[in-house]
Amino acid sequence: MPQNTADIVGKAGTNFTITIDNGTILSAYLEVPNQPIVALAISGNDQEVTIASLPAGDSTVRLDLVWAPGDSNATVDVGTGSAKVSNPKPIIDDGETPGYVELFGV
Amino acid sequence: MTKTTALAILCAILVAPLMFGQATTPKDVPQRFCDHDPRPEIRIYCEDLVRFLDDANERAKTMSATEIKDALQNDLGHLDPSQRIGVVKFITATALSTVASEALSNILQNRTDRQLGATSTASGTTSLVSKAGSSEAISLALDAGVLTQSVNGTTATLSTNADQIFRLVTGRNPTCTVTCTGSWFENKVLDLTNISASLSLAQQSSTTTATSGQASGTTTTPVSSAAIPTGAGKLTGIAVRYEVLNKYDPRSPGFRKKWKDAITKSSLKDAAKAIGDLTDKVAEGLQASATPLDRDKMVKAALEDPSGKQLANLFDKYFSDVSAKVQQDSAMDSYILQVMRSRATYRQEWFDALHSAAGDLLTFDYNYNRPLNQPITHDFKLIYGRDFSGSGTLTFNGAFSLYGQIPTGAKYGRLRYGQVSAEYDRTTSGKGKSVQTELSLAGYWQYQPNPSVLNIPAGTVVPGTTIPLPNGTQEFVGTAGSLWVTQAKLTIKTGSKGSGGINIPIGVSWSNKTDLLQGSKVGAQVGISYNFSSLAGIFTGGGQ
């Protein structure tokens, strides 16, 4: 996955949070090719996960989600930290689980 | 109300959104080019195709095709199964068009508040008290044994959700898991309406027909009509029920808090993780085998034809190629099947959480009842269910029954009976396991102002004579007053964490009399029911 197709790009090793504005995150995982999956800390009313250190190259955040009645699509954004989200911001369709966010560490 | 009127109402419920589709569609939601596309994969990807088409044409005012492609990587990623963000919908679309859709028919069966079989007045039933909940898709039940009736029989009951039929017929997102969006009519009427039909299997019915003359014998009394058998399988009732959850506003802080609590208590986290783990496996396989989407061609198609037709055709060709490749890989097919099964589990957990958050269930039930050799009745019932979480469920029924037609000179009124009843259900063993047992204790009181009415069909010979009754008659049988029934029932359920969804209720009952006979009666009831999770799964070759 090249850098220009990633949802969020940042400096490798940087700490940041990913937020969604709809849905509830039940569990979240950082998936790096050929490495064990790492569970991520969830905060912010169950709509924010923390990436302690952005891996270099490609990685993926998997969000196991549940949607309440009336929820609409979730927009993915960067909460805190210096990583940059793509423009337009990534969307996770309501009702879908898991939701994936693709990362790239430069 | 006649039988024709009752059937007309049922048909109207189902057909109304088709006939008045424009009126029931919110005016601020314009019709999209792919909403009614005949290709299921295009309908499933419709939102993503529309989003990409609109975004591409908006940017075309200031950007080149290459710049658009770079700017809309996320939009395109949703359409590309070789990327993780494109896998979830690919699984849905592939499952719908392959044998993997059989997984859609799996469902959990651990709720204690569902009515799947015939009600207490059927000639074959295991349910003394009607439950407030219904099948979310379709269920089939076979019940033998009676509770309030005198004539023992076997009843087959087919129940379904009106919205599931509507989605299947119209092809509008038939595999939707949760938060399925539809018109007001779908959300407020069809989704909450269940329809069931009961057929008596063990009792032979008859029809009276005119005779055309004596064939042999020497009797001098002419026989103008005779009752001929018409076989078993007579439709004995059609029921329509409407569920009313406690009113809630999805945006209200009170409901959001209850929803959060319900999620925490439920097994949704485990169910969602299972979907995620299996989806990861499909994604890994697709990343290795799926041809990436030709994004340049997609941009070109979107810009050349803003109507979306070219884009849909291009995407359909791409999807078909990738899907065909996946279907040749038995391991991938198996993973997709497992994802769909885990989605069915998740769906059921989601509904359970919603019921828990929304509170008590209240259901209105109308039953067009055609008991054998008795007048047609219209039964109206109000059902209230209260869930005490781990401590069981309490269900109350209040009902009255009206005769459909009163013959001239009848010695009885319109009201056949009124009844109240209650049942307590509790899961007694196997919570969270694939086999569970549930104990139910129920009490039922019915009061009828007149004895029961029995139809004596035309052509019946008066006992002890050779005199036939030319026009038939009605006779009182049994007694007026109170009918008491108590029942203890054990239900064996399968499907909590595994596949399937079979209930086997076994009950014993005592009643002080039955509808036609005096004297107390001890009876036994046994049944079996199966609850399918999706009509779409059945009709796409995957029903179990």
# chains A, B, ... in the order shown; residues from 1 in each chain; ligands from 1
$ residues_around --residues "Asp71 in chain A" --least-positions-apart "3" --cutoff "7 Å" --atoms "only C-alpha atoms" --output "list in words"
Asn22, Gly23, Trp67, Ala68 and Asp94 of chain A
$ residues_around --residues "Glu48 in chain A" --least-positions-apart "3" --cutoff "6 Å" --atoms "only C-alpha atoms" --output "PyMOL selection string"
chain A and resi 18-19+42-44
$ interface_residues --of "chain B" --to "chain A" --cutoff "10 Å" --atoms "only C-alpha atoms" --output "PDB file with C-alpha atoms, in the first residue's frame"
ATOM      1  CA  GLU B  47     -23.409   4.113  -1.451  1.00  0.00           C
ATOM      2  CA  ASP B  48     -19.697   3.811  -2.256  1.00  0.00           C
ATOM      3  CA  ASP B  55     -16.805  13.400  -5.386  1.00  0.00           C
ATOM      4  CA  LYS B  69      -7.512   9.619  -8.424  1.00  0.00           C
ATOM      5  CA  ASP B  70      -4.987  10.668  -5.788  1.00  0.00           C
ATOM      6  CA  ALA B  71      -7.523  12.724  -3.861  1.00  0.00           C
ATOM      7  CA  LEU B  72     -10.149   9.993  -3.747  1.00  0.00           C
ATOM      8  CA  GLN B  73      -8.037   7.067  -2.597  1.00  0.00           C
ATOM      9  CA  ASN B  74     -10.351   6.365   0.320  1.00  0.00           C
ATOM     10  CA  ASP B  75     -13.454   6.413  -1.889  1.00  0.00           C
ATOM     11  CA  LEU B  76     -11.753   4.021  -4.299  1.00  0.00           C
ATOM     12  CA  GLY B  77     -10.402   1.892  -1.460  1.00  0.00           C
ATOM     13  CA  HIS B  78     -13.955   1.040  -0.412  1.00  0.00           C
ATOM     14  CA  SER B  82      -7.433  -5.940  -2.446  1.00  0.00           C
ATOM     15  CA  GLN B  83      -7.438  -3.197   0.219  1.00  0.00           C
ATOM     16  CA  ARG B  84      -8.671  -3.848   3.759  1.00  0.00           C
ATOM     17  CA  ILE B  85     -11.264  -1.094   3.699  1.00  0.00           C
ATOM     18  CA  GLY B  86     -12.875  -2.773   0.696  1.00  0.00           C
ATOM     19  CA  VAL B  87     -13.185  -6.227   2.233  1.00  0.00           C
ATOM     20  CA  VAL B  88     -16.313  -5.895   4.403  1.00  0.00           C
ATOM     21  CA  LYS B  89     -18.700  -5.125   1.550  1.00  0.00           C
ATOM     22  CA  CYS B 176     -28.469  -5.898   6.002  1.00  0.00           C
ATOM     23  CA  THR B 177     -27.077  -6.795   9.406  1.00  0.00           C
ATOM     24  CA  VAL B 178     -28.004  -3.922  11.708  1.00  0.00           C
ATOM     25  CA  THR B 179     -29.175  -0.301  11.498  1.00  0.00           C
ATOM     26  CA  CYS B 180     -30.867  -1.052   8.184  1.00  0.00           C
ATOM     27  CA  THR B 181     -32.167   2.194   6.821  1.00  0.00           C
ATOM     28  CA  TYR B 248     -36.889   6.047  22.621  1.00  0.00           C
ATOM     29  CA  ASP B 249     -34.919   8.740  20.905  1.00  0.00           C
ATOM     30  CA  PRO B 250     -31.595   7.362  19.614  1.00  0.00           C
ATOM     31  CA  ARG B 251     -30.012  10.758  20.305  1.00  0.00           C
ATOM     32  CA  PHE B 255     -31.201   6.084  25.659  1.00  0.00           C
ATOM     33  CA  ARG B 256     -27.494   6.412  24.833  1.00  0.00           C
ATOM     34  CA  TRP B 259     -27.521   1.471  25.030  1.00  0.00           C
ATOM     35  CA  LYS B 260     -23.980   1.653  26.442  1.00  0.00           C
ATOM     36  CA  ILE B 263     -23.602  -3.245  25.047  1.00  0.00           C
ATOM     37  CA  THR B 264     -21.431  -3.750  28.113  1.00  0.00           C
ATOM     38  CA  LEU B 268     -21.396  -8.007  21.314  1.00  0.00           C
ATOM     39  CA  LYS B 269     -17.705  -7.429  21.953  1.00  0.00           C
ATOM     40  CA  ASP B 270     -16.935 -11.129  21.479  1.00  0.00           C
ATOM     41  CA  ALA B 271     -19.219 -11.306  18.449  1.00  0.00           C
ATOM     42  CA  ALA B 272     -17.596  -8.238  16.838  1.00  0.00           C
ATOM     43  CA  LYS B 273     -14.101  -9.600  17.536  1.00  0.00           C
ATOM     44  CA  ALA B 274     -15.035 -12.905  15.893  1.00  0.00           C
ATOM     45  CA  ILE B 275     -16.184 -11.041  12.777  1.00  0.00           C
ATOM     46  CA  GLY B 276     -12.997  -8.959  12.795  1.00  0.00           C
ATOM     47  CA  ASP B 277     -10.680 -11.974  13.142  1.00  0.00           C
ATOM     48  CA  THR B 279     -12.572 -10.711   8.107  1.00  0.00           C
ATOM     49  CA  ASP B 280      -8.816 -10.347   8.608  1.00  0.00           C
ATOM     50  CA  GLU B 284      -5.189 -11.519   3.824  1.00  0.00           C
ATOM     51  CA  ARG B 343     -22.480 -11.734  11.426  1.00  0.00           C
ATOM     52  CA  TYR B 346     -23.622 -10.447  15.978  1.00  0.00           C
ATOM     53  CA  TRP B 350     -27.407  -6.509  18.563  1.00  0.00           C
ATOM     54  CA  ALA B 353     -28.975  -5.311  23.255  1.00  0.00           C
ATOM     55  CA  LEU B 354     -31.559  -3.065  21.581  1.00  0.00           C
TER      56      LEU B 354
END
$ residues_around --residues "Ser401 in chain B" --least-positions-apart "4" --cutoff "10 Å" --atoms "only C-alpha atoms" --output "PyMOL selection string"
chain B and resi 366-369+377-381+414-419+448
$ write_last_selection --atoms "N, CA, C and O atoms" --output "PDB file, in the first residue's frame"
ATOM      1  N   TYR B 366     -53.429  -9.604  16.351  1.00  0.00           N
ATOM      2  CA  TYR B 366     -54.750  -9.912  15.805  1.00  0.00           C
ATOM      3  C   TYR B 366     -54.683 -11.278  15.152  1.00  0.00           C
ATOM      4  O   TYR B 366     -53.753 -11.571  14.394  1.00  0.00           O
ATOM      5  N   ASN B 367     -55.656 -12.118  15.451  1.00  0.00           N
ATOM      6  CA  ASN B 367     -55.654 -13.476  14.909  1.00  0.00           C
ATOM      7  C   ASN B 367     -56.992 -13.762  14.246  1.00  0.00           C
ATOM      8  O   ASN B 367     -58.038 -13.709  14.886  1.00  0.00           O
ATOM      9  N   TYR B 368     -56.928 -14.034  12.948  1.00  0.00           N
ATOM     10  CA  TYR B 368     -58.118 -14.489  12.211  1.00  0.00           C
ATOM     11  C   TYR B 368     -58.163 -15.996  12.367  1.00  0.00           C
ATOM     12  O   TYR B 368     -57.319 -16.702  11.846  1.00  0.00           O
ATOM     13  N   ASN B 369     -59.128 -16.474  13.144  1.00  0.00           N
ATOM     14  CA  ASN B 369     -59.112 -17.851  13.612  1.00  0.00           C
ATOM     15  C   ASN B 369     -60.216 -18.670  12.952  1.00  0.00           C
ATOM     16  O   ASN B 369     -61.382 -18.283  12.996  1.00  0.00           O
ATOM     17  N   THR B 377     -63.596 -16.726  14.218  1.00  0.00           N
ATOM     18  CA  THR B 377     -63.502 -15.681  15.242  1.00  0.00           C
ATOM     19  C   THR B 377     -62.369 -14.713  14.912  1.00  0.00           C
ATOM     20  O   THR B 377     -61.443 -15.043  14.168  1.00  0.00           O
ATOM     21  N   HIS B 378     -62.482 -13.531  15.480  1.00  0.00           N
ATOM     22  CA  HIS B 378     -61.416 -12.529  15.398  1.00  0.00           C
ATOM     23  C   HIS B 378     -60.905 -12.326  16.817  1.00  0.00           C
ATOM     24  O   HIS B 378     -61.650 -11.885  17.688  1.00  0.00           O
ATOM     25  N   ASP B 379     -59.645 -12.674  17.051  1.00  0.00           N
ATOM     26  CA  ASP B 379     -59.077 -12.608  18.397  1.00  0.00           C
ATOM     27  C   ASP B 379     -58.118 -11.422  18.489  1.00  0.00           C
ATOM     28  O   ASP B 379     -57.225 -11.276  17.637  1.00  0.00           O
ATOM     29  N   PHE B 380     -58.305 -10.599  19.492  1.00  0.00           N
ATOM     30  CA  PHE B 380     -57.450  -9.415  19.695  1.00  0.00           C
ATOM     31  C   PHE B 380     -56.712  -9.589  21.022  1.00  0.00           C
ATOM     32  O   PHE B 380     -57.338  -9.889  22.042  1.00  0.00           O
ATOM     33  N   LYS B 381     -55.409  -9.382  20.978  1.00  0.00           N
ATOM     34  CA  LYS B 381     -54.612  -9.656  22.172  1.00  0.00           C
ATOM     35  C   LYS B 381     -53.589  -8.550  22.403  1.00  0.00           C
ATOM     36  O   LYS B 381     -52.993  -8.034  21.451  1.00  0.00           O
ATOM     37  N   ARG B 414     -71.932 -11.398  20.220  1.00  0.00           N
ATOM     38  CA  ARG B 414     -70.712 -11.262  19.426  1.00  0.00           C
ATOM     39  C   ARG B 414     -69.473 -11.745  20.196  1.00  0.00           C
ATOM     40  O   ARG B 414     -68.554 -12.310  19.636  1.00  0.00           O
ATOM     41  N   LEU B 415     -69.479 -11.519  21.531  1.00  0.00           N
ATOM     42  CA  LEU B 415     -68.287 -11.860  22.325  1.00  0.00           C
ATOM     43  C   LEU B 415     -68.215 -13.370  22.553  1.00  0.00           C
ATOM     44  O   LEU B 415     -69.146 -13.980  23.079  1.00  0.00           O
ATOM     45  N   ARG B 416     -67.110 -13.960  22.165  1.00  0.00           N
ATOM     46  CA  ARG B 416     -66.933 -15.389  22.419  1.00  0.00           C
ATOM     47  C   ARG B 416     -66.324 -15.614  23.805  1.00  0.00           C
ATOM     48  O   ARG B 416     -66.803 -16.392  24.584  1.00  0.00           O
ATOM     49  N   TYR B 417     -65.222 -14.902  24.074  1.00  0.00           N
ATOM     50  CA  TYR B 417     -64.614 -15.011  25.406  1.00  0.00           C
ATOM     51  C   TYR B 417     -63.668 -13.851  25.648  1.00  0.00           C
ATOM     52  O   TYR B 417     -63.282 -13.124  24.723  1.00  0.00           O
ATOM     53  N   GLY B 418     -63.304 -13.695  26.909  1.00  0.00           N
ATOM     54  CA  GLY B 418     -62.211 -12.795  27.289  1.00  0.00           C
ATOM     55  C   GLY B 418     -61.229 -13.633  28.096  1.00  0.00           C
ATOM     56  O   GLY B 418     -61.621 -14.621  28.731  1.00  0.00           O
ATOM     57  N   GLN B 419     -59.955 -13.281  28.054  1.00  0.00           N
ATOM     58  CA  GLN B 419     -58.987 -14.077  28.822  1.00  0.00           C
ATOM     59  C   GLN B 419     -57.819 -13.243  29.292  1.00  0.00           C
ATOM     60  O   GLN B 419     -57.446 -12.251  28.660  1.00  0.00           O
ATOM     61  N   GLN B 448     -66.165 -17.220  29.276  1.00  0.00           N
ATOM     62  CA  GLN B 448     -67.031 -17.074  28.114  1.00  0.00           C
ATOM     63  C   GLN B 448     -68.479 -16.990  28.585  1.00  0.00           C
ATOM     64  O   GLN B 448     -68.917 -17.787  29.422  1.00  0.00           O
TER      65      GLN B 448
END
$ atom_distance --atom1 "CA of Leu441 in chain B" --atom2 "CA of Ile383 in chain B"
16.5 Å
$ atom_distance --atom1 "CA of Lys513 in chain B" --atom2 "CA of Gly443 in chain B"
14.2 Å
$ closest_residue --among "A:Gly10, A:Gly81, A:Gly105, A:Pro36" --to "Thr50 in chain A" --atoms "only C-alpha atoms"
A:Gly81
$ select_by_dssp --residues "chain A" --states "strand (DSSP E)" --output "ChimeraX atom specification"
/A:8-10,16-20,24-31,38-39,41-43,48-51,57-66,74-78,84-85,91-92,99-105
$ select_by_dssp --residues "range 227-401 of chain B" --states "alpha helix (DSSP H)" --output "ChimeraX atom specification"
/B:253-265,268-289,295-304,309-327,330-358
$ closest_residue --among "B:Val282, B:Leu192, B:Leu382, B:Ile406" --to "Asp329 in chain B" --atoms "only C-alpha atoms"
B:Val282
$ atom_distance --atom1 "CA of Ile504 in chain B" --atom2 "CA of Gly392 in chain B"
18.6 Å
$ residues_around --residues "Phe388 in chain B" --least-positions-apart "5" --cutoff "10 Å" --atoms "only C-alpha atoms" --output "list in words"
Ser356, Asp360, Thr393, Leu394 and Arg426 of chain B
$ write_last_selection --atoms "C-alpha atoms" --output "compact mmCIF listing (two decimals), in the first residue's frame"
# COMPACT_ATOMS: atom_id res chain seq x y z
CA SER B 356 -32.55 -4.53 26.61
CA ASP B 360 -40.25 -3.74 27.91
CA THR B 393 -39.01 -12.97 31.71
CA LEU B 394 -42.59 -12.34 32.77
CA ARG B 426 -36.21 -18.64 32.89
$ residues_around --residues "Glu438 in chain B" --least-positions-apart "4" --cutoff "9 Å" --atoms "only C-alpha atoms" --output "PyMOL selection string"
chain B and resi 112+425-429+489-493+505
$ closest_residue --among "A:Ile51, A:Ala56, A:Ala39, A:Val78" --to "Asp21 in chain A" --atoms "only C-alpha atoms"
A:Val78
